[in-house]
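A short write-up of the structure that comes next.
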Amino acid sequence: MKRDIGFVLIQFVLFALYIINFKIIDYKIDLPSWIDIFLLILGFVAAVIITMGVINLNENLTPFPSPRRNSSLVSNGIYRHIRHPIYTGIIALMFTYGLYSGSMGRLVITVILIVVFYFKTELEEKLLIKRFPEYRDYRKVAGRFFPRVARK
């Protein structure tokens with residue numbers, strides 16, 4: 001339970017730093033204006049991915065790595081292709097807005113969050129395998145953050 005709280009605490013501190021645009025690195029990125037349209041589309045897609053993940057998880061949703069007591073394994077909908085679509089969407093949304101706002105600090109925070117999410121999913125997946133032995137097979141067909149590329 002301590003690790004659960006630790007991961008969520010780190011995650012929310014990073015979200016807060018991102019929102020207030022904490023100037024870790026005071027460097028502005030200047031991108032051509034036509035890229036803004038691409039970033040807005042990517043941001044919209046990221047928001048859709050997050051929404052689909054939340055809807056598919058339904059009452060299984062928790063910010064903690066430990067699954068809820070009466071949870072069930074969700075491997076349908078977007079979870080058929082991606083094991084952690086909410087994290088994927090959050091990362092994509094933060095990355096696109098970091099670029100859109102031209103904030104190097106936000107991009108650095110996003111990279112740190114990617115590392116946090118990686119280790120959080122490591123713990124989460126160990127706990128899911130313990131609770132749902134079939135999770136081991138599920139990992140072979142769905143990618144962690146992105147869909148698996150079909151192999152020939």
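Ordering of the structure tokens sets the chain letters (A, B, ...), residue numbers begin anew at 1 in every chain, and ligands are numbered from 1 in the order given.
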
Practice item. Compile the contact shell of stretch 69-82 of chain A as a list of chain:residue names: residues with an atom at most 8 Å away, counting only C-alpha atoms, same-chain residues fewer than 3 positions apart removed. Key: A:Ile49, A:Met52, A:Gly53, A:Asn56, A:Leu57, A:Glu59, A:Asn60, A:Pro85, A:Phe132, A:Tyr135, A:Tyr138, A:Val141, A:Ala142, A:Gly143, A:Arg144, A:Phe145, A:Phe146, A:Pro147, A:Arg148

Point to revise | Nearest to A:Ser66, chosen from A:Arg3, A:Glu124, A:Lys130, A:Ile50, with only C-alpha atoms counted in the distances | key: A:Glu124

Exercise for review: Within 12 Å of A:Tyr118, counting only C-alpha atoms, which residues show up once you throw out same-chain ones fewer than 5 positions away? Write them as a PyMOL selection string, please.
Suggested key: chain A and resi 7+11+65+83-84+87-88+91+111-113+123-125+144-145

Export of prior selection with N, CA and C atoms as a PDB file, in the first residue's frame:
ATOM      1  N   PHE A   7       3.475   6.132  -5.605  1.00  0.00           N
ATOM      2  CA  PHE A   7       3.336   6.362  -7.051  1.00  0.00           C
ATOM      3  C   PHE A   7       2.300   7.445  -7.350  1.00  0.00           C
ATOM      4  N   GLN A  11       2.978  11.100  -9.023  1.00  0.00           N
ATOM      5  CA  GLN A  11       2.200  11.404 -10.228  1.00  0.00           C
ATOM      6  C   GLN A  11       1.489  12.753 -10.082  1.00  0.00           C
ATOM      7  N   PRO A  65      -1.798   1.337  -8.185  1.00  0.00           N
ATOM      8  CA  PRO A  65      -1.373   0.132  -8.913  1.00  0.00           C
ATOM      9  C   PRO A  65      -2.119  -1.132  -8.478  1.00  0.00           C
ATOM     10  N   ARG A  83      -2.582  -2.214 -22.909  1.00  0.00           N
ATOM     11  CA  ARG A  83      -2.830  -2.590 -21.516  1.00  0.00           C
ATOM     12  C   ARG A  83      -3.049  -1.383 -20.604  1.00  0.00           C
ATOM     13  N   HIS A  84      -2.456  -0.245 -20.941  1.00  0.00           N
ATOM     14  CA  HIS A  84      -2.556   0.944 -20.090  1.00  0.00           C
ATOM     15  C   HIS A  84      -2.904   2.175 -20.928  1.00  0.00           C
ATOM     16  N   TYR A  87      -2.758   5.805 -19.292  1.00  0.00           N
ATOM     17  CA  TYR A  87      -1.403   6.360 -19.200  1.00  0.00           C
ATOM     18  C   TYR A  87      -0.919   6.821 -20.570  1.00  0.00           C
ATOM     19  N   THR A  88      -1.215   6.038 -21.596  1.00  0.00           N
ATOM     20  CA  THR A  88      -0.833   6.404 -22.963  1.00  0.00           C
ATOM     21  C   THR A  88      -1.434   7.751 -23.331  1.00  0.00           C
ATOM     22  N   ILE A  91       0.168  10.662 -21.304  1.00  0.00           N
ATOM     23  CA  ILE A  91       1.503  10.974 -21.831  1.00  0.00           C
ATOM     24  C   ILE A  91       1.383  11.744 -23.144  1.00  0.00           C
ATOM     25  N   VAL A 111       8.590  13.553 -19.683  1.00  0.00           N
ATOM     26  CA  VAL A 111       9.570  12.458 -19.747  1.00  0.00           C
ATOM     27  C   VAL A 111       9.707  11.793 -18.373  1.00  0.00           C
ATOM     28  N   ILE A 112       9.749  12.597 -17.318  1.00  0.00           N
ATOM     29  CA  ILE A 112       9.829  12.038 -15.964  1.00  0.00           C
ATOM     30  C   ILE A 112       8.583  11.190 -15.682  1.00  0.00           C
ATOM     31  N   LEU A 113       7.423  11.681 -16.110  1.00  0.00           N
ATOM     32  CA  LEU A 113       6.179  10.943 -15.897  1.00  0.00           C
ATOM     33  C   LEU A 113       6.168   9.618 -16.659  1.00  0.00           C
ATOM     34  N   LEU A 123       4.828  -2.614 -11.297  1.00  0.00           N
ATOM     35  CA  LEU A 123       4.211  -3.060 -10.047  1.00  0.00           C
ATOM     36  C   LEU A 123       2.769  -3.503 -10.292  1.00  0.00           C
ATOM     37  N   GLU A 124       2.026  -2.687 -11.024  1.00  0.00           N
ATOM     38  CA  GLU A 124       0.620  -2.991 -11.305  1.00  0.00           C
ATOM     39  C   GLU A 124       0.468  -4.350 -11.987  1.00  0.00           C
ATOM     40  N   GLU A 125       1.337  -4.632 -12.941  1.00  0.00           N
ATOM     41  CA  GLU A 125       1.226  -5.891 -13.676  1.00  0.00           C
ATOM     42  C   GLU A 125       1.600  -7.095 -12.815  1.00  0.00           C
ATOM     43  N   ARG A 144       2.066  -2.600 -23.838  1.00  0.00           N
ATOM     44  CA  ARG A 144       1.985  -1.849 -22.580  1.00  0.00           C
ATOM     45  C   ARG A 144       1.367  -0.465 -22.797  1.00  0.00           C
ATOM     46  N   PHE A 145       1.987   0.342 -23.652  1.00  0.00           N
ATOM     47  CA  PHE A 145       1.502   1.701 -23.897  1.00  0.00           C
ATOM     48  C   PHE A 145       1.013   1.908 -25.328  1.00  0.00           C
TER      49      PHE A 145
END

Sel. of helix (DSSP H, G or I) residues, chain A, as an mmCIF file with N, CA and C atoms, in the first residue's frame:
data_model
loop_
_atom_site.group_PDB
_atom_site.id
_atom_site.type_symbol
_atom_site.label_atom_id
_atom_site.label_comp_id
_atom_site.auth_asym_id
_atom_site.auth_seq_id
_atom_site.Cartn_x
_atom_site.Cartn_y
_atom_site.Cartn_z
ATOM 1 N N LYS A 2 2.034 1.215 0.650
ATOM 2 C CA LYS A 2 2.927 2.378 0.652
ATOM 3 C C LYS A 2 3.364 2.730 -0.760
ATOM 4 N N ARG A 3 3.694 1.696 -1.553
ATOM 5 C CA ARG A 3 4.118 1.949 -2.933
ATOM 6 C C ARG A 3 2.970 2.530 -3.742
ATOM 7 N N ASP A 4 1.753 2.063 -3.492
ATOM 8 C CA ASP A 4 0.573 2.609 -4.176
ATOM 9 C C ASP A 4 0.492 4.115 -3.957
ATOM 10 N N ILE A 5 0.538 4.508 -2.694
ATOM 11 C CA ILE A 5 0.422 5.921 -2.341
ATOM 12 C C ILE A 5 1.610 6.702 -2.888
ATOM 13 N N GLY A 6 2.800 6.124 -2.822
ATOM 14 C CA GLY A 6 3.998 6.792 -3.338
ATOM 15 C C GLY A 6 3.894 7.109 -4.820
ATOM 16 N N PHE A 7 3.475 6.132 -5.605
ATOM 17 C CA PHE A 7 3.336 6.362 -7.051
ATOM 18 C C PHE A 7 2.300 7.445 -7.350
ATOM 19 N N VAL A 8 1.165 7.380 -6.673
ATOM 20 C CA VAL A 8 0.099 8.354 -6.924
ATOM 21 C C VAL A 8 0.534 9.746 -6.479
ATOM 22 N N LEU A 9 1.245 9.828 -5.367
ATOM 23 C CA LEU A 9 1.747 11.117 -4.879
ATOM 24 C C LEU A 9 2.725 11.741 -5.878
ATOM 25 N N ILE A 10 3.685 10.956 -6.343
ATOM 26 C CA ILE A 10 4.653 11.445 -7.339
ATOM 27 C C ILE A 10 3.923 11.898 -8.597
ATOM 28 N N GLN A 11 2.978 11.100 -9.023
ATOM 29 C CA GLN A 11 2.200 11.404 -10.228
ATOM 30 C C GLN A 11 1.489 12.753 -10.082
ATOM 31 N N PHE A 12 0.823 12.989 -8.955
ATOM 32 C CA PHE A 12 0.083 14.230 -8.771
ATOM 33 C C PHE A 12 0.999 15.434 -8.574
ATOM 34 N N VAL A 13 2.156 15.245 -7.964
ATOM 35 C CA VAL A 13 3.136 16.338 -7.871
ATOM 36 C C VAL A 13 3.589 16.733 -9.269
ATOM 37 N N LEU A 14 3.870 15.746 -10.117
ATOM 38 C CA LEU A 14 4.272 16.039 -11.498
ATOM 39 C C LEU A 14 3.148 16.737 -12.262
ATOM 40 N N PHE A 15 1.901 16.297 -12.065
ATOM 41 C CA PHE A 15 0.764 16.969 -12.714
ATOM 42 C C PHE A 15 0.688 18.429 -12.266
ATOM 43 N N ALA A 16 0.858 18.668 -10.962
ATOM 44 C CA ALA A 16 0.792 20.035 -10.434
ATOM 45 C C ALA A 16 1.906 20.900 -11.020
ATOM 46 N N LEU A 17 3.126 20.367 -11.060
ATOM 47 C CA LEU A 17 4.246 21.116 -11.646
ATOM 48 C C LEU A 17 3.984 21.414 -13.115
ATOM 49 N N TYR A 18 3.398 20.478 -13.802
ATOM 50 C CA TYR A 18 3.078 20.648 -15.219
ATOM 51 C C TYR A 18 2.047 21.761 -15.404
ATOM 52 N N ILE A 19 0.996 21.729 -14.594
ATOM 53 C CA ILE A 19 -0.089 22.704 -14.722
ATOM 54 C C ILE A 19 0.392 24.118 -14.408
ATOM 55 N N TRP A 34 2.045 25.756 -38.460
ATOM 56 C CA TRP A 34 1.269 24.662 -39.058
ATOM 57 C C TRP A 34 1.305 23.398 -38.201
ATOM 58 N N ILE A 35 2.322 23.288 -37.368
ATOM 59 C CA ILE A 35 2.426 22.119 -36.483
ATOM 60 C C ILE A 35 1.340 22.160 -35.403
ATOM 61 N N ASP A 36 0.870 23.373 -35.074
ATOM 62 C CA ASP A 36 -0.178 23.507 -34.060
ATOM 63 C C ASP A 36 -1.414 22.684 -34.409
ATOM 64 N N ILE A 37 -1.793 22.662 -35.666
ATOM 65 C CA ILE A 37 -2.975 21.898 -36.090
ATOM 66 C C ILE A 37 -2.756 20.410 -35.835
ATOM 67 N N PHE A 38 -1.588 19.911 -36.195
ATOM 68 C CA PHE A 38 -1.248 18.507 -35.952
ATOM 69 C C PHE A 38 -1.290 18.202 -34.457
ATOM 70 N N LEU A 39 -0.737 19.098 -33.641
ATOM 71 C CA LEU A 39 -0.708 18.883 -32.194
ATOM 72 C C LEU A 39 -2.116 18.895 -31.602
ATOM 73 N N LEU A 40 -2.977 19.769 -32.101
ATOM 74 C CA LEU A 40 -4.361 19.803 -31.615
ATOM 75 C C LEU A 40 -5.093 18.505 -31.947
ATOM 76 N N ILE A 41 -4.873 17.985 -33.145
ATOM 77 C CA ILE A 41 -5.488 16.707 -33.536
ATOM 78 C C ILE A 41 -4.961 15.581 -32.652
ATOM 79 N N LEU A 42 -3.649 15.546 -32.441
ATOM 80 C CA LEU A 42 -3.041 14.526 -31.585
ATOM 81 C C LEU A 42 -3.565 14.634 -30.153
ATOM 82 N N GLY A 43 -3.723 15.858 -29.664
ATOM 83 C CA GLY A 43 -4.275 16.070 -28.325
ATOM 84 C C GLY A 43 -5.704 15.562 -28.214
ATOM 85 N N PHE A 44 -6.498 15.778 -29.260
ATOM 86 C CA PHE A 44 -7.873 15.279 -29.286
ATOM 87 C C PHE A 44 -7.883 13.750 -29.259
ATOM 88 N N VAL A 45 -7.025 13.130 -30.065
ATOM 89 C CA VAL A 45 -6.926 11.664 -30.089
ATOM 90 C C VAL A 45 -6.523 11.149 -28.704
ATOM 91 N N ALA A 46 -5.584 11.829 -28.050
ATOM 92 C CA ALA A 46 -5.156 11.428 -26.705
ATOM 93 C C ALA A 46 -6.323 11.490 -25.725
ATOM 94 N N ALA A 47 -7.127 12.550 -25.810
ATOM 95 C CA ALA A 47 -8.290 12.685 -24.926
ATOM 96 C C ALA A 47 -9.308 11.570 -25.180
ATOM 97 N N VAL A 48 -9.479 11.186 -26.435
ATOM 98 C CA VAL A 48 -10.391 10.084 -26.779
ATOM 99 C C VAL A 48 -9.868 8.773 -26.191
ATOM 100 N N ILE A 49 -8.560 8.539 -26.277
ATOM 101 C CA ILE A 49 -7.955 7.318 -25.719
ATOM 102 C C ILE A 49 -8.182 7.255 -24.210
ATOM 103 N N ILE A 50 -7.971 8.377 -23.524
ATOM 104 C CA ILE A 50 -8.199 8.424 -22.072
ATOM 105 C C ILE A 50 -9.660 8.095 -21.767
ATOM 106 N N THR A 51 -10.565 8.743 -22.481
ATOM 107 C CA THR A 51 -12.003 8.538 -22.266
ATOM 108 C C THR A 51 -12.401 7.084 -22.489
ATOM 109 N N MET A 52 -11.902 6.486 -23.569
ATOM 110 C CA MET A 52 -12.212 5.080 -23.847
ATOM 111 C C MET A 52 -11.693 4.180 -22.729
ATOM 112 N N GLY A 53 -10.490 4.464 -22.241
ATOM 113 C CA GLY A 53 -9.923 3.673 -21.151
ATOM 114 C C GLY A 53 -10.749 3.765 -19.886
ATOM 115 N N VAL A 54 -11.187 4.984 -19.548
ATOM 116 C CA VAL A 54 -12.007 5.189 -18.351
ATOM 117 C C VAL A 54 -13.348 4.469 -18.491
ATOM 118 N N ILE A 55 -13.979 4.606 -19.657
ATOM 119 C CA ILE A 55 -15.277 3.953 -19.891
ATOM 120 C C ILE A 55 -15.141 2.428 -19.818
ATOM 121 N N ASN A 56 -14.092 1.883 -20.447
ATOM 122 C CA ASN A 56 -13.904 0.426 -20.427
ATOM 123 C C ASN A 56 -13.613 -0.099 -19.022
ATOM 124 N N LEU A 57 -12.833 0.632 -18.241
ATOM 125 C CA LEU A 57 -12.520 0.171 -16.883
ATOM 126 C C LEU A 57 -13.728 0.254 -15.964
ATOM 127 N N ASN A 58 -14.525 1.310 -16.136
ATOM 128 C CA ASN A 58 -15.735 1.495 -15.356
ATOM 129 C C ASN A 58 -15.421 1.419 -13.858
ATOM 130 N N GLU A 59 -16.058 0.517 -13.113
ATOM 131 C CA GLU A 59 -15.858 0.468 -11.657
ATOM 132 C C GLU A 59 -14.510 -0.131 -11.258
ATOM 133 N N ASN A 60 -13.741 -0.619 -12.209
ATOM 134 C CA ASN A 60 -12.401 -1.133 -11.911
ATOM 135 C C ASN A 60 -11.368 -0.010 -11.823
ATOM 136 N N GLY A 77 -12.548 -3.763 -25.631
ATOM 137 C CA GLY A 77 -12.488 -2.353 -26.019
ATOM 138 C C GLY A 77 -11.056 -1.966 -26.351
ATOM 139 N N ILE A 78 -10.650 -0.804 -25.915
ATOM 140 C CA ILE A 78 -9.286 -0.342 -26.198
ATOM 141 C C ILE A 78 -8.249 -1.213 -25.496
ATOM 142 N N TYR A 79 -8.667 -1.876 -24.407
ATOM 143 C CA TYR A 79 -7.747 -2.753 -23.673
ATOM 144 C C TYR A 79 -7.397 -4.013 -24.458
ATOM 145 N N ARG A 80 -8.099 -4.266 -25.526
ATOM 146 C CA ARG A 80 -7.748 -5.397 -26.391
ATOM 147 C C ARG A 80 -6.393 -5.142 -27.061
ATOM 148 N N PRO A 85 -4.089 2.181 -21.562
ATOM 149 C CA PRO A 85 -4.430 3.283 -22.463
ATOM 150 C C PRO A 85 -4.584 4.633 -21.767
ATOM 151 N N ILE A 86 -4.992 4.641 -20.509
ATOM 152 C CA ILE A 86 -5.139 5.921 -19.816
ATOM 153 C C ILE A 86 -3.770 6.580 -19.667
ATOM 154 N N TYR A 87 -2.758 5.805 -19.292
ATOM 155 C CA TYR A 87 -1.403 6.360 -19.200
ATOM 156 C C TYR A 87 -0.919 6.821 -20.570
ATOM 157 N N THR A 88 -1.215 6.038 -21.596
ATOM 158 C CA THR A 88 -0.833 6.404 -22.963
ATOM 159 C C THR A 88 -1.434 7.751 -23.331
ATOM 160 N N GLY A 89 -2.728 7.905 -23.061
ATOM 161 C CA GLY A 89 -3.405 9.154 -23.384
ATOM 162 C C GLY A 89 -2.866 10.332 -22.598
ATOM 163 N N ILE A 90 -2.600 10.124 -21.313
ATOM 164 C CA ILE A 90 -2.054 11.200 -20.478
ATOM 165 C C ILE A 90 -0.692 11.632 -21.006
ATOM 166 N N ILE A 91 0.168 10.662 -21.304
ATOM 167 C CA ILE A 91 1.503 10.974 -21.831
ATOM 168 C C ILE A 91 1.383 11.744 -23.144
ATOM 169 N N ALA A 92 0.533 11.262 -24.053
ATOM 170 C CA ALA A 92 0.373 11.925 -25.355
ATOM 171 C C ALA A 92 -0.188 13.331 -25.190
ATOM 172 N N LEU A 93 -1.167 13.494 -24.309
ATOM 173 C CA LEU A 93 -1.771 14.805 -24.084
ATOM 174 C C LEU A 93 -0.753 15.779 -23.496
ATOM 175 N N MET A 94 0.011 15.322 -22.515
ATOM 176 C CA MET A 94 1.019 16.189 -21.900
ATOM 177 C C MET A 94 2.135 16.526 -22.883
ATOM 178 N N PHE A 95 2.532 15.556 -23.675
ATOM 179 C CA PHE A 95 3.583 15.794 -24.669
ATOM 180 C C PHE A 95 3.119 16.809 -25.712
ATOM 181 N N THR A 96 1.905 16.613 -26.233
ATOM 182 C CA THR A 96 1.419 17.524 -27.278
ATOM 183 C C THR A 96 1.217 18.931 -26.730
ATOM 184 N N TYR A 97 0.681 19.051 -25.511
ATOM 185 C CA TYR A 97 0.495 20.393 -24.962
ATOM 186 C C TYR A 97 1.839 21.024 -24.603
ATOM 187 N N GLY A 98 2.786 20.209 -24.160
ATOM 188 C CA GLY A 98 4.130 20.732 -23.894
ATOM 189 C C GLY A 98 4.740 21.344 -25.142
ATOM 190 N N LEU A 99 4.600 20.647 -26.268
ATOM 191 C CA LEU A 99 5.092 21.189 -27.546
ATOM 192 C C LEU A 99 4.273 22.398 -27.983
ATOM 193 N N TYR A 100 2.949 22.285 -27.879
ATOM 194 C CA TYR A 100 2.044 23.360 -28.304
ATOM 195 C C TYR A 100 2.340 24.657 -27.543
ATOM 196 N N MET A 104 9.742 23.773 -22.603
ATOM 197 C CA MET A 104 10.723 22.711 -22.384
ATOM 198 C C MET A 104 10.518 22.078 -21.003
ATOM 199 N N GLY A 105 10.139 22.884 -20.016
ATOM 200 C CA GLY A 105 9.880 22.367 -18.671
ATOM 201 C C GLY A 105 8.771 21.330 -18.662
ATOM 202 N N ARG A 106 7.690 21.610 -19.390
ATOM 203 C CA ARG A 106 6.582 20.653 -19.471
ATOM 204 C C ARG A 106 7.025 19.367 -20.163
ATOM 205 N N LEU A 107 7.866 19.480 -21.159
ATOM 206 C CA LEU A 107 8.355 18.278 -21.847
ATOM 207 C C LEU A 107 9.238 17.442 -20.925
ATOM 208 N N VAL A 108 10.058 18.105 -20.118
ATOM 209 C CA VAL A 108 10.905 17.386 -19.158
ATOM 210 C C VAL A 108 10.025 16.658 -18.136
ATOM 211 N N ILE A 109 8.995 17.338 -17.639
ATOM 212 C CA ILE A 109 8.073 16.707 -16.688
ATOM 213 C C ILE A 109 7.385 15.506 -17.336
ATOM 214 N N THR A 110 7.022 15.626 -18.611
ATOM 215 C CA THR A 110 6.389 14.515 -19.325
ATOM 216 C C THR A 110 7.326 13.313 -19.404
ATOM 217 N N VAL A 111 8.590 13.553 -19.683
ATOM 218 C CA VAL A 111 9.570 12.458 -19.747
ATOM 219 C C VAL A 111 9.707 11.793 -18.373
ATOM 220 N N ILE A 112 9.749 12.597 -17.318
ATOM 221 C CA ILE A 112 9.829 12.038 -15.964
ATOM 222 C C ILE A 112 8.583 11.190 -15.682
ATOM 223 N N LEU A 113 7.423 11.681 -16.110
ATOM 224 C CA LEU A 113 6.179 10.943 -15.897
ATOM 225 C C LEU A 113 6.168 9.618 -16.659
ATOM 226 N N ILE A 114 6.758 9.596 -17.838
ATOM 227 C CA ILE A 114 6.863 8.340 -18.597
ATOM 228 C C ILE A 114 7.620 7.301 -17.769
ATOM 229 N N VAL A 115 8.716 7.727 -17.142
ATOM 230 C CA VAL A 115 9.509 6.818 -16.302
ATOM 231 C C VAL A 115 8.675 6.349 -15.102
ATOM 232 N N VAL A 116 7.971 7.282 -14.461
ATOM 233 C CA VAL A 116 7.115 6.927 -13.322
ATOM 234 C C VAL A 116 6.044 5.930 -13.752
ATOM 235 N N PHE A 117 5.382 6.194 -14.881
ATOM 236 C CA PHE A 117 4.347 5.278 -15.375
ATOM 237 C C PHE A 117 4.929 3.909 -15.722
ATOM 238 N N TYR A 118 6.140 3.879 -16.244
ATOM 239 C CA TYR A 118 6.760 2.589 -16.564
ATOM 240 C C TYR A 118 6.898 1.743 -15.287
ATOM 241 N N PHE A 119 7.478 2.337 -14.249
ATOM 242 C CA PHE A 119 7.684 1.584 -13.008
ATOM 243 C C PHE A 119 6.361 1.297 -12.293
ATOM 244 N N LYS A 120 5.419 2.219 -12.402
ATOM 245 C CA LYS A 120 4.093 1.986 -11.813
ATOM 246 C C LYS A 120 3.416 0.795 -12.493
ATOM 247 N N THR A 121 3.534 0.707 -13.824
ATOM 248 C CA THR A 121 2.921 -0.423 -14.533
ATOM 249 C C THR A 121 3.640 -1.733 -14.229
ATOM 250 N N GLU A 122 4.934 -1.673 -13.966
ATOM 251 C CA GLU A 122 5.659 -2.891 -13.562
ATOM 252 C C GLU A 122 5.035 -3.472 -12.295
ATOM 253 N N LEU A 123 4.828 -2.614 -11.297
ATOM 254 C CA LEU A 123 4.211 -3.060 -10.047
ATOM 255 C C LEU A 123 2.769 -3.503 -10.292
ATOM 256 N N GLU A 124 2.026 -2.687 -11.024
ATOM 257 C CA GLU A 124 0.620 -2.991 -11.305
ATOM 258 C C GLU A 124 0.468 -4.350 -11.987
ATOM 259 N N GLU A 125 1.337 -4.632 -12.941
ATOM 260 C CA GLU A 125 1.226 -5.891 -13.676
ATOM 261 C C GLU A 125 1.600 -7.095 -12.815
ATOM 262 N N LYS A 126 2.554 -6.938 -11.913
ATOM 263 C CA LYS A 126 2.865 -8.037 -10.981
ATOM 264 C C LYS A 126 1.640 -8.356 -10.123
ATOM 265 N N LEU A 127 0.972 -7.305 -9.660
ATOM 266 C CA LEU A 127 -0.219 -7.494 -8.833
ATOM 267 C C LEU A 127 -1.377 -8.075 -9.644
ATOM 268 N N LEU A 128 -1.496 -7.666 -10.897
ATOM 269 C CA LEU A 128 -2.559 -8.200 -11.761
ATOM 270 C C LEU A 128 -2.331 -9.677 -12.083
ATOM 271 N N ILE A 129 -1.075 -10.059 -12.293
ATOM 272 C CA ILE A 129 -0.763 -11.477 -12.548
ATOM 273 C C ILE A 129 -1.110 -12.320 -11.322
ATOM 274 N N LYS A 130 -0.824 -11.768 -10.143
ATOM 275 C CA LYS A 130 -1.148 -12.478 -8.906
ATOM 276 C C LYS A 130 -2.667 -12.669 -8.768
ATOM 277 N N ARG A 131 -3.421 -11.636 -9.115
ATOM 278 C CA ARG A 131 -4.887 -11.676 -8.994
ATOM 279 C C ARG A 131 -5.538 -12.438 -10.144
ATOM 280 N N TYR A 135 -3.654 -12.901 -16.948
ATOM 281 C CA TYR A 135 -3.035 -11.632 -17.354
ATOM 282 C C TYR A 135 -1.708 -11.886 -18.074
ATOM 283 N N ARG A 136 -1.035 -12.952 -17.686
ATOM 284 C CA ARG A 136 0.243 -13.316 -18.322
ATOM 285 C C ARG A 136 0.063 -13.505 -19.837
ATOM 286 N N ASP A 137 -0.981 -14.207 -20.245
ATOM 287 C CA ASP A 137 -1.271 -14.406 -21.679
ATOM 288 C C ASP A 137 -1.733 -13.113 -22.336
ATOM 289 N N TYR A 138 -2.514 -12.331 -21.616
ATOM 290 C CA TYR A 138 -3.003 -11.055 -22.129
ATOM 291 C C TYR A 138 -1.837 -10.131 -22.498
ATOM 292 N N ARG A 139 -0.778 -10.155 -21.687
ATOM 293 C CA ARG A 139 0.401 -9.312 -21.966
ATOM 294 C C ARG A 139 1.048 -9.649 -23.303
ATOM 295 N N LYS A 140 0.861 -10.871 -23.762
ATOM 296 C CA LYS A 140 1.471 -11.285 -25.033
ATOM 297 C C LYS A 140 0.744 -10.708 -26.243
ATOM 298 N N VAL A 141 -0.514 -10.319 -26.077
ATOM 299 C CA VAL A 141 -1.293 -9.823 -27.224
ATOM 300 C C VAL A 141 -1.508 -8.313 -27.214
#

Review point. Which value, in Å to one decimal, gives the distance between atom CA of A:Glu134 and atom CA of A:Pro63?
Key: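 Distance between the two atoms: 22.2 Å.
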